[in-house]
>>> print(open('my_file_10.txt').read())   # compact mmCIF, N, CA and C atoms
# COMPACT_ATOMS: atom_id res chain seq x y z
N MET A 1 -8.28 -64.08 5.67
CA MET A 1 -7.37 -63.16 6.31
C MET A 1 -8.07 -61.81 6.46
N LEU A 2 -7.78 -61.14 7.54
CA LEU A 2 -8.41 -59.86 7.81
C LEU A 2 -8.17 -58.87 6.69
N LYS A 3 -6.95 -58.83 6.18
CA LYS A 3 -6.62 -57.91 5.10
C LYS A 3 -7.53 -58.14 3.91
N THR A 4 -7.71 -59.38 3.54
CA THR A 4 -8.54 -59.72 2.39
C THR A 4 -9.98 -59.29 2.62
N ALA A 5 -10.51 -59.58 3.80
CA ALA A 5 -11.89 -59.20 4.09
C ALA A 5 -12.07 -57.69 4.05
N LEU A 6 -11.17 -56.96 4.66
CA LEU A 6 -11.29 -55.51 4.69
C LEU A 6 -11.06 -54.89 3.32
N MET A 7 -10.10 -55.42 2.58
CA MET A 7 -9.83 -54.88 1.25
C MET A 7 -10.99 -55.20 0.31
N THR A 8 -11.51 -56.41 0.39
CA THR A 8 -12.58 -56.82 -0.51
C THR A 8 -13.79 -55.92 -0.37
N VAL A 9 -14.14 -55.63 0.85
CA VAL A 9 -15.31 -54.80 1.07
C VAL A 9 -14.95 -53.37 1.40
N ALA A 10 -13.68 -53.10 1.43
CA ALA A 10 -13.13 -51.75 1.57
C ALA A 10 -13.48 -51.11 2.90
N ALA A 11 -13.06 -51.59 3.98
CA ALA A 11 -13.25 -50.98 5.28
C ALA A 11 -13.68 -49.65 5.31
N VAL A 12 -12.51 -50.45 5.54
CA VAL A 12 -12.91 -49.26 5.87
C VAL A 12 -13.38 -48.78 4.82
N ALA A 13 -14.52 -51.71 2.46
CA ALA A 13 -15.15 -51.44 3.39
C ALA A 13 -16.54 -51.27 2.88
N THR A 14 -18.03 -53.00 0.97
CA THR A 14 -19.25 -52.54 0.37
C THR A 14 -20.24 -52.41 1.51
N LEU A 15 -20.83 -51.32 1.58
CA LEU A 15 -21.66 -51.00 2.71
C LEU A 15 -23.11 -50.94 2.26
N SER A 16 -24.03 -51.45 3.09
CA SER A 16 -25.41 -51.51 2.64
C SER A 16 -26.36 -50.87 3.63
N PHE A 17 -26.36 -49.59 3.70
CA PHE A 17 -27.31 -48.89 4.54
C PHE A 17 -28.21 -48.01 3.67
N GLY A 18 -28.41 -48.43 2.43
CA GLY A 18 -29.26 -47.68 1.52
C GLY A 18 -28.45 -46.72 0.68
N ALA A 19 -28.97 -46.43 -0.46
CA ALA A 19 -28.26 -45.54 -1.38
C ALA A 19 -28.32 -44.11 -0.85
N VAL A 20 -27.24 -43.41 -0.98
CA VAL A 20 -27.20 -42.00 -0.63
C VAL A 20 -27.90 -41.25 -1.75
N GLN A 21 -28.77 -40.34 -1.39
CA GLN A 21 -29.57 -39.62 -2.36
C GLN A 21 -28.72 -38.79 -3.31
N ALA A 22 -29.30 -38.52 -4.48
CA ALA A 22 -28.59 -37.76 -5.50
C ALA A 22 -28.25 -36.35 -5.04
N ASN A 23 -29.00 -35.81 -4.07
CA ASN A 23 -28.74 -34.45 -3.59
C ASN A 23 -27.75 -34.42 -2.44
N ALA A 24 -26.93 -35.44 -2.32
CA ALA A 24 -25.94 -35.50 -1.25
C ALA A 24 -24.94 -34.35 -1.38
N GLN A 25 -24.49 -33.87 -0.23
CA GLN A 25 -23.53 -32.76 -0.18
C GLN A 25 -22.13 -33.31 -0.03
N ALA A 26 -21.23 -32.92 -0.93
CA ALA A 26 -19.82 -33.30 -0.81
C ALA A 26 -19.24 -32.60 0.42
N LEU A 27 -18.47 -33.33 1.20
CA LEU A 27 -17.90 -32.79 2.42
C LEU A 27 -16.42 -32.49 2.24
N SER A 28 -15.97 -31.39 2.83
CA SER A 28 -14.55 -31.06 2.80
C SER A 28 -14.23 -30.19 4.01
N GLY A 29 -12.95 -30.08 4.31
CA GLY A 29 -12.48 -29.21 5.38
C GLY A 29 -13.20 -29.40 6.70
N ASP A 30 -13.65 -28.26 7.28
CA ASP A 30 -14.31 -28.29 8.58
C ASP A 30 -15.61 -29.09 8.57
N ALA A 31 -16.35 -29.05 7.46
CA ALA A 31 -17.60 -29.83 7.36
C ALA A 31 -17.31 -31.32 7.42
N LEU A 32 -16.25 -31.75 6.78
CA LEU A 32 -15.85 -33.15 6.79
C LEU A 32 -15.39 -33.55 8.20
N ARG A 33 -14.58 -32.72 8.80
CA ARG A 33 -14.09 -32.97 10.16
C ARG A 33 -15.27 -33.08 11.12
N GLY A 34 -16.21 -32.15 11.02
CA GLY A 34 -17.37 -32.16 11.89
C GLY A 34 -18.29 -33.34 11.69
N ALA A 35 -18.30 -33.89 10.48
CA ALA A 35 -19.17 -35.03 10.17
C ALA A 35 -18.73 -36.30 10.89
N VAL A 36 -17.43 -36.45 11.16
CA VAL A 36 -16.94 -37.69 11.77
C VAL A 36 -16.37 -37.51 13.18
N SER A 37 -15.89 -36.34 13.51
CA SER A 37 -15.25 -36.11 14.81
C SER A 37 -16.23 -36.36 15.95
N GLY A 38 -15.87 -37.28 16.84
CA GLY A 38 -16.73 -37.62 17.97
C GLY A 38 -17.88 -38.53 17.60
N LYS A 39 -17.88 -39.04 16.38
CA LYS A 39 -18.98 -39.87 15.88
C LYS A 39 -18.52 -41.31 15.65
N THR A 40 -19.51 -42.17 15.41
CA THR A 40 -19.24 -43.55 15.02
C THR A 40 -19.77 -43.75 13.61
N VAL A 41 -18.93 -44.29 12.75
CA VAL A 41 -19.31 -44.61 11.38
C VAL A 41 -19.48 -46.12 11.32
N PHE A 42 -20.64 -46.56 10.83
CA PHE A 42 -20.94 -47.99 10.76
C PHE A 42 -20.79 -48.49 9.33
N LEU A 43 -19.89 -49.42 9.14
CA LEU A 43 -19.66 -50.04 7.84
C LEU A 43 -20.25 -51.45 7.87
N ASN A 44 -20.84 -51.88 6.76
CA ASN A 44 -21.34 -53.24 6.66
C ASN A 44 -20.31 -54.04 5.89
N VAL A 45 -19.62 -54.91 6.60
CA VAL A 45 -18.56 -55.72 6.00
C VAL A 45 -19.10 -57.13 5.88
N SER A 46 -19.40 -57.55 4.66
CA SER A 46 -19.94 -58.89 4.41
C SER A 46 -21.17 -59.16 5.25
N GLY A 47 -22.03 -58.18 5.41
CA GLY A 47 -23.27 -58.36 6.16
C GLY A 47 -23.16 -58.11 7.64
N PHE A 48 -21.97 -57.80 8.15
CA PHE A 48 -21.77 -57.51 9.57
C PHE A 48 -21.40 -56.04 9.72
N GLU A 49 -21.87 -55.42 10.79
CA GLU A 49 -21.51 -54.02 11.03
C GLU A 49 -20.13 -53.91 11.63
N LEU A 50 -19.37 -52.97 11.11
CA LEU A 50 -18.05 -52.65 11.65
C LEU A 50 -18.10 -51.20 12.11
N PRO A 51 -18.27 -50.96 13.42
CA PRO A 51 -18.29 -49.58 13.90
C PRO A 51 -16.88 -49.03 14.04
N ILE A 52 -16.69 -47.82 13.55
CA ILE A 52 -15.41 -47.12 13.70
C ILE A 52 -15.70 -45.83 14.45
N GLN A 53 -15.06 -45.66 15.60
CA GLN A 53 -15.24 -44.47 16.41
C GLN A 53 -14.12 -43.49 16.12
N TYR A 54 -14.50 -42.27 15.73
CA TYR A 54 -13.54 -41.21 15.39
C TYR A 54 -13.47 -40.21 16.55
N SER A 55 -12.38 -40.22 17.28
CA SER A 55 -12.17 -39.31 18.40
C SER A 55 -11.86 -37.91 17.89
N PRO A 56 -12.31 -36.87 18.60
CA PRO A 56 -11.94 -35.50 18.22
C PRO A 56 -10.43 -35.26 18.25
N ARG A 57 -9.68 -36.10 18.95
CA ARG A 57 -8.22 -35.96 19.05
C ARG A 57 -7.49 -36.54 17.85
N GLY A 58 -8.22 -37.09 16.86
CA GLY A 58 -7.57 -37.63 15.68
C GLY A 58 -7.20 -39.09 15.77
N THR A 59 -7.74 -39.78 16.77
CA THR A 59 -7.52 -41.22 16.85
C THR A 59 -8.83 -41.93 16.50
N MET A 60 -8.73 -43.20 16.15
CA MET A 60 -9.93 -43.97 15.82
C MET A 60 -9.74 -45.39 16.31
N LYS A 61 -10.86 -46.07 16.51
CA LYS A 61 -10.80 -47.48 16.88
C LYS A 61 -11.97 -48.19 16.23
N GLY A 62 -11.71 -49.43 15.87
CA GLY A 62 -12.73 -50.26 15.25
C GLY A 62 -12.71 -51.63 15.88
N SER A 63 -13.87 -52.28 15.87
CA SER A 63 -13.97 -53.59 16.47
C SER A 63 -14.99 -54.42 15.72
N MET A 64 -14.58 -55.61 15.28
CA MET A 64 -15.48 -56.55 14.62
C MET A 64 -16.08 -57.47 15.65
N GLY A 65 -17.29 -57.91 15.41
CA GLY A 65 -17.89 -58.93 16.25
C GLY A 65 -17.15 -60.25 16.08
N THR A 66 -17.39 -61.17 16.97
CA THR A 66 -16.71 -62.47 16.97
C THR A 66 -16.91 -63.22 15.67
N VAL A 67 -18.15 -63.25 15.17
CA VAL A 67 -18.43 -63.99 13.93
C VAL A 67 -17.72 -63.35 12.75
N ALA A 68 -17.78 -62.02 12.65
CA ALA A 68 -17.11 -61.33 11.54
C ALA A 68 -15.61 -61.55 11.59
N ALA A 69 -15.03 -61.49 12.77
CA ALA A 69 -13.59 -61.70 12.91
C ALA A 69 -13.21 -63.11 12.49
N ALA A 70 -14.04 -64.10 12.85
CA ALA A 70 -13.77 -65.49 12.47
C ALA A 70 -13.85 -65.66 10.96
N LEU A 71 -14.83 -65.01 10.34
CA LEU A 71 -14.96 -65.10 8.89
C LEU A 71 -13.81 -64.41 8.18
N ALA A 72 -13.24 -63.39 8.81
CA ALA A 72 -12.11 -62.67 8.22
C ALA A 72 -10.83 -63.50 8.31
N ARG A 73 -10.86 -64.56 9.08
CA ARG A 73 -9.71 -65.47 9.26
C ARG A 73 -8.46 -64.75 9.74
N GLY A 74 -8.64 -63.76 10.56
CA GLY A 74 -7.50 -63.05 11.12
C GLY A 74 -7.63 -62.99 12.62
N ASP A 75 -6.58 -62.61 13.28
CA ASP A 75 -6.66 -62.52 14.73
C ASP A 75 -6.88 -61.09 15.18
N GLY A 76 -7.04 -60.18 14.24
CA GLY A 76 -7.21 -58.78 14.58
C GLY A 76 -8.66 -58.35 14.59
N SER A 77 -9.40 -58.74 15.63
CA SER A 77 -10.81 -58.38 15.69
C SER A 77 -11.00 -56.90 16.03
N SER A 78 -9.96 -56.24 16.50
CA SER A 78 -10.04 -54.80 16.76
C SER A 78 -8.70 -54.15 16.41
N ASP A 79 -8.77 -52.85 16.16
CA ASP A 79 -7.55 -52.12 15.84
C ASP A 79 -7.77 -50.65 16.19
N ARG A 80 -6.69 -49.93 16.23
CA ARG A 80 -6.69 -48.49 16.47
C ARG A 80 -5.89 -47.83 15.36
N GLY A 81 -6.10 -46.56 15.20
CA GLY A 81 -5.36 -45.84 14.19
C GLY A 81 -5.50 -44.34 14.36
N LYS A 82 -5.12 -43.62 13.33
CA LYS A 82 -5.18 -42.17 13.32
C LYS A 82 -5.98 -41.71 12.12
N TRP A 83 -6.67 -40.59 12.26
CA TRP A 83 -7.41 -40.00 11.16
C TRP A 83 -7.14 -38.49 11.12
N TRP A 84 -7.30 -37.93 9.92
CA TRP A 84 -7.13 -36.49 9.71
C TRP A 84 -7.84 -36.10 8.43
N VAL A 85 -8.06 -34.82 8.28
CA VAL A 85 -8.67 -34.28 7.07
C VAL A 85 -7.59 -33.58 6.27
N ASP A 86 -7.51 -33.91 4.99
CA ASP A 86 -6.57 -33.27 4.07
C ASP A 86 -7.39 -32.68 2.93
N GLY A 87 -7.73 -31.40 3.05
CA GLY A 87 -8.54 -30.73 2.03
C GLY A 87 -9.94 -31.31 1.97
N ASP A 88 -10.23 -32.04 0.89
CA ASP A 88 -11.56 -32.61 0.71
C ASP A 88 -11.58 -34.12 0.95
N GLN A 89 -10.60 -34.64 1.70
CA GLN A 89 -10.53 -36.07 1.95
C GLN A 89 -10.35 -36.38 3.43
N LEU A 90 -11.00 -37.47 3.85
CA LEU A 90 -10.80 -38.04 5.18
C LEU A 90 -9.72 -39.10 5.03
N CYS A 91 -8.61 -38.91 5.69
CA CYS A 91 -7.50 -39.87 5.60
C CYS A 91 -7.40 -40.65 6.90
N GLN A 92 -6.97 -41.90 6.79
CA GLN A 92 -6.81 -42.73 7.97
C GLN A 92 -5.73 -43.77 7.78
N LYS A 93 -5.17 -44.15 8.91
CA LYS A 93 -4.09 -45.15 8.91
C LYS A 93 -4.29 -46.02 10.13
N TRP A 94 -4.60 -47.29 9.91
CA TRP A 94 -4.75 -48.27 10.99
C TRP A 94 -3.36 -48.78 11.37
N TYR A 95 -3.22 -49.24 12.60
CA TYR A 95 -1.95 -49.82 13.03
C TYR A 95 -1.71 -51.16 12.35
N THR A 96 -2.73 -52.04 12.29
CA THR A 96 -2.53 -53.35 11.67
C THR A 96 -3.50 -53.61 10.51
N TRP A 97 -4.74 -53.18 10.62
CA TRP A 97 -5.70 -53.39 9.53
C TRP A 97 -5.20 -52.67 8.28
N MET A 98 -5.61 -53.15 7.15
CA MET A 98 -5.27 -52.55 5.86
C MET A 98 -3.75 -52.46 5.69
N GLU A 99 -3.05 -53.39 6.31
CA GLU A 99 -1.59 -53.46 6.28
C GLU A 99 -0.93 -52.17 6.74
N GLY A 100 -1.64 -51.40 7.56
CA GLY A 100 -1.08 -50.17 8.10
C GLY A 100 -0.87 -49.08 7.06
N GLN A 101 -1.48 -49.24 5.88
CA GLN A 101 -1.33 -48.24 4.82
C GLN A 101 -2.30 -47.08 5.03
N THR A 102 -1.94 -45.92 4.54
CA THR A 102 -2.82 -44.75 4.59
C THR A 102 -3.75 -44.77 3.39
N TYR A 103 -5.04 -44.55 3.66
CA TYR A 103 -6.04 -44.40 2.60
C TYR A 103 -6.82 -43.13 2.87
N CYS A 104 -7.24 -42.46 1.81
CA CYS A 104 -8.03 -41.25 1.93
C CYS A 104 -9.34 -41.44 1.18
N TYR A 105 -10.40 -40.81 1.69
CA TYR A 105 -11.75 -40.99 1.20
C TYR A 105 -12.42 -39.64 0.94
N LYS A 106 -13.14 -39.54 -0.16
CA LYS A 106 -14.01 -38.40 -0.41
C LYS A 106 -15.40 -38.83 0.02
N LEU A 107 -16.07 -37.98 0.81
CA LEU A 107 -17.38 -38.31 1.34
C LEU A 107 -18.44 -37.35 0.84
N SER A 108 -19.62 -37.90 0.56
CA SER A 108 -20.81 -37.11 0.27
C SER A 108 -21.87 -37.58 1.26
N ARG A 109 -22.58 -36.62 1.83
CA ARG A 109 -23.52 -36.95 2.90
C ARG A 109 -24.92 -36.48 2.58
N SER A 110 -25.89 -37.34 2.91
CA SER A 110 -27.31 -37.01 2.84
C SER A 110 -27.92 -37.51 4.14
N GLY A 111 -28.15 -36.61 5.10
CA GLY A 111 -28.62 -37.03 6.42
C GLY A 111 -27.53 -37.83 7.12
N SER A 112 -27.88 -39.01 7.61
CA SER A 112 -26.88 -39.85 8.27
C SER A 112 -26.21 -40.82 7.30
N ASN A 113 -26.66 -40.83 6.04
CA ASN A 113 -26.07 -41.71 5.03
C ASN A 113 -24.91 -41.05 4.32
N VAL A 114 -23.88 -41.82 4.08
CA VAL A 114 -22.66 -41.31 3.45
C VAL A 114 -22.27 -42.21 2.29
N ARG A 115 -21.85 -41.61 1.21
CA ARG A 115 -21.23 -42.33 0.10
C ARG A 115 -19.76 -41.95 0.14
N TRP A 116 -18.88 -42.95 0.04
CA TRP A 116 -17.45 -42.69 0.07
C TRP A 116 -16.78 -43.28 -1.16
N VAL A 117 -15.72 -42.61 -1.57
CA VAL A 117 -14.87 -43.09 -2.66
C VAL A 117 -13.45 -43.01 -2.16
N ARG A 118 -12.78 -44.16 -2.12
CA ARG A 118 -11.41 -44.22 -1.63
C ARG A 118 -10.44 -43.85 -2.74
N ASN A 119 -9.25 -43.39 -2.36
CA ASN A 119 -8.27 -42.91 -3.34
C ASN A 119 -7.79 -44.00 -4.30
N ASP A 120 -8.13 -45.26 -4.07
CA ASP A 120 -7.78 -46.31 -5.04
C ASP A 120 -8.98 -46.70 -5.91
N GLY A 121 -10.09 -45.94 -5.78
CA GLY A 121 -11.26 -46.17 -6.63
C GLY A 121 -12.37 -46.99 -5.98
N ARG A 122 -12.11 -47.68 -4.90
CA ARG A 122 -13.17 -48.44 -4.23
C ARG A 122 -14.18 -47.46 -3.66
N SER A 123 -15.43 -47.90 -3.57
CA SER A 123 -16.48 -47.02 -3.06
C SER A 123 -17.54 -47.82 -2.32
N GLY A 124 -18.38 -47.12 -1.60
CA GLY A 124 -19.46 -47.74 -0.86
C GLY A 124 -20.26 -46.72 -0.11
N THR A 125 -21.07 -47.20 0.83
CA THR A 125 -21.87 -46.32 1.66
C THR A 125 -21.66 -46.67 3.12
N ALA A 126 -22.05 -45.76 3.98
CA ALA A 126 -21.95 -45.96 5.42
C ALA A 126 -23.04 -45.16 6.09
N ARG A 127 -23.13 -45.32 7.39
CA ARG A 127 -24.10 -44.59 8.21
C ARG A 127 -23.33 -43.97 9.37
N ILE A 128 -23.62 -42.70 9.67
CA ILE A 128 -22.96 -42.00 10.77
C ILE A 128 -23.94 -41.85 11.92
N SER A 129 -23.47 -42.13 13.12
CA SER A 129 -24.30 -42.00 14.31
C SER A 129 -23.55 -41.19 15.36
N GLY A 130 -24.32 -40.45 16.14
CA GLY A 130 -23.70 -39.73 17.26
C GLY A 130 -23.71 -38.27 17.15
>>> encode(input="my_file_10.txt", output="structure tokens")
Amino acid sequence: MLKTALMTVAAVATLSFGAVQANAQALSGDALRGAVSGKTVFLNVSGFELPIQYSPRGTMKGSMGTVAAALARGDGSSDRGKWWVDGDQLCQKWYTWMEGQTYCYKLSRSGSNVRWVRNDGRSGTARISG
């Protein structure tokens, strides 16, 4: 099921684009907004990339490849949602993925590599492009 796949790897999501260096900068407020607004964040979900595009208008969209969607055993190969910054956290809410629940993430960045920690304790890394 898509929920299980996304929750297991924590979407939004264990990511393998290399360890974020110890000198990573914690992001908050405008720096956090600027890090993702208009950018694509690439998550590695079970070995497949899951690109999430963050619009400057506060909307986001994600799309899994055919193989990843089949492995997730769900019919939701793509979804849309909303994102916003709340202090030192990037918050997001998908329409169908993650059961439509809101999750917030603390991000630390070193170059294009990001380490994230979700408000339920899950963590991982990602890569930002754009």
>>> closest_residue(input="my_file_10.txt", among="A:Tyr105, A:Tyr54, A:Trp84, A:Trp116", to="Ser37 in chain A", atoms="only C-alpha atoms")
A:Tyr54
>>> residues_around(input="my_file_10.txt", residues="Gly87 in chain A", least_positions_apart="6", cutoff="7 Å", atoms="all atoms listed in the file", output="JSON, numbers by chain")
{"A": [27, 28, 29]}
>>> write_last_selection(input="my_file_10.txt", atoms="N, CA and C atoms", output="PDB file, in the coordinates of the input")
ATOM      1  N   LEU A  27     -18.470 -33.330   1.200  1.00  0.00           N
ATOM      2  CA  LEU A  27     -17.900 -32.790   2.420  1.00  0.00           C
ATOM      3  C   LEU A  27     -16.420 -32.490   2.240  1.00  0.00           C
ATOM      4  N   SER A  28     -15.970 -31.390   2.830  1.00  0.00           N
ATOM      5  CA  SER A  28     -14.550 -31.060   2.800  1.00  0.00           C
ATOM      6  C   SER A  28     -14.230 -30.190   4.010  1.00  0.00           C
ATOM      7  N   GLY A  29     -12.950 -30.080   4.310  1.00  0.00           N
ATOM      8  CA  GLY A  29     -12.480 -29.210   5.380  1.00  0.00           C
ATOM      9  C   GLY A  29     -13.200 -29.400   6.700  1.00  0.00           C
TER      10      GLY A  29
END
>>> closest_residue(input="my_file_10.txt", among="A:Asp88, A:Pro56, A:Gly81, A:Val114", to="Gln101 in chain A", atoms="only C-alpha atoms")
A:Gly81
>>> atom_distance(input="my_file_10.txt", atom1="CA of Asp86 in chain A", atom2="CA of Ser63 in chain A")
24.9 Å
>>> atom_distance(input="my_file_10.txt", atom1="atom N of Cys91 in chain A", atom2="atom C of Cys104 in chain A")
5.2 Å
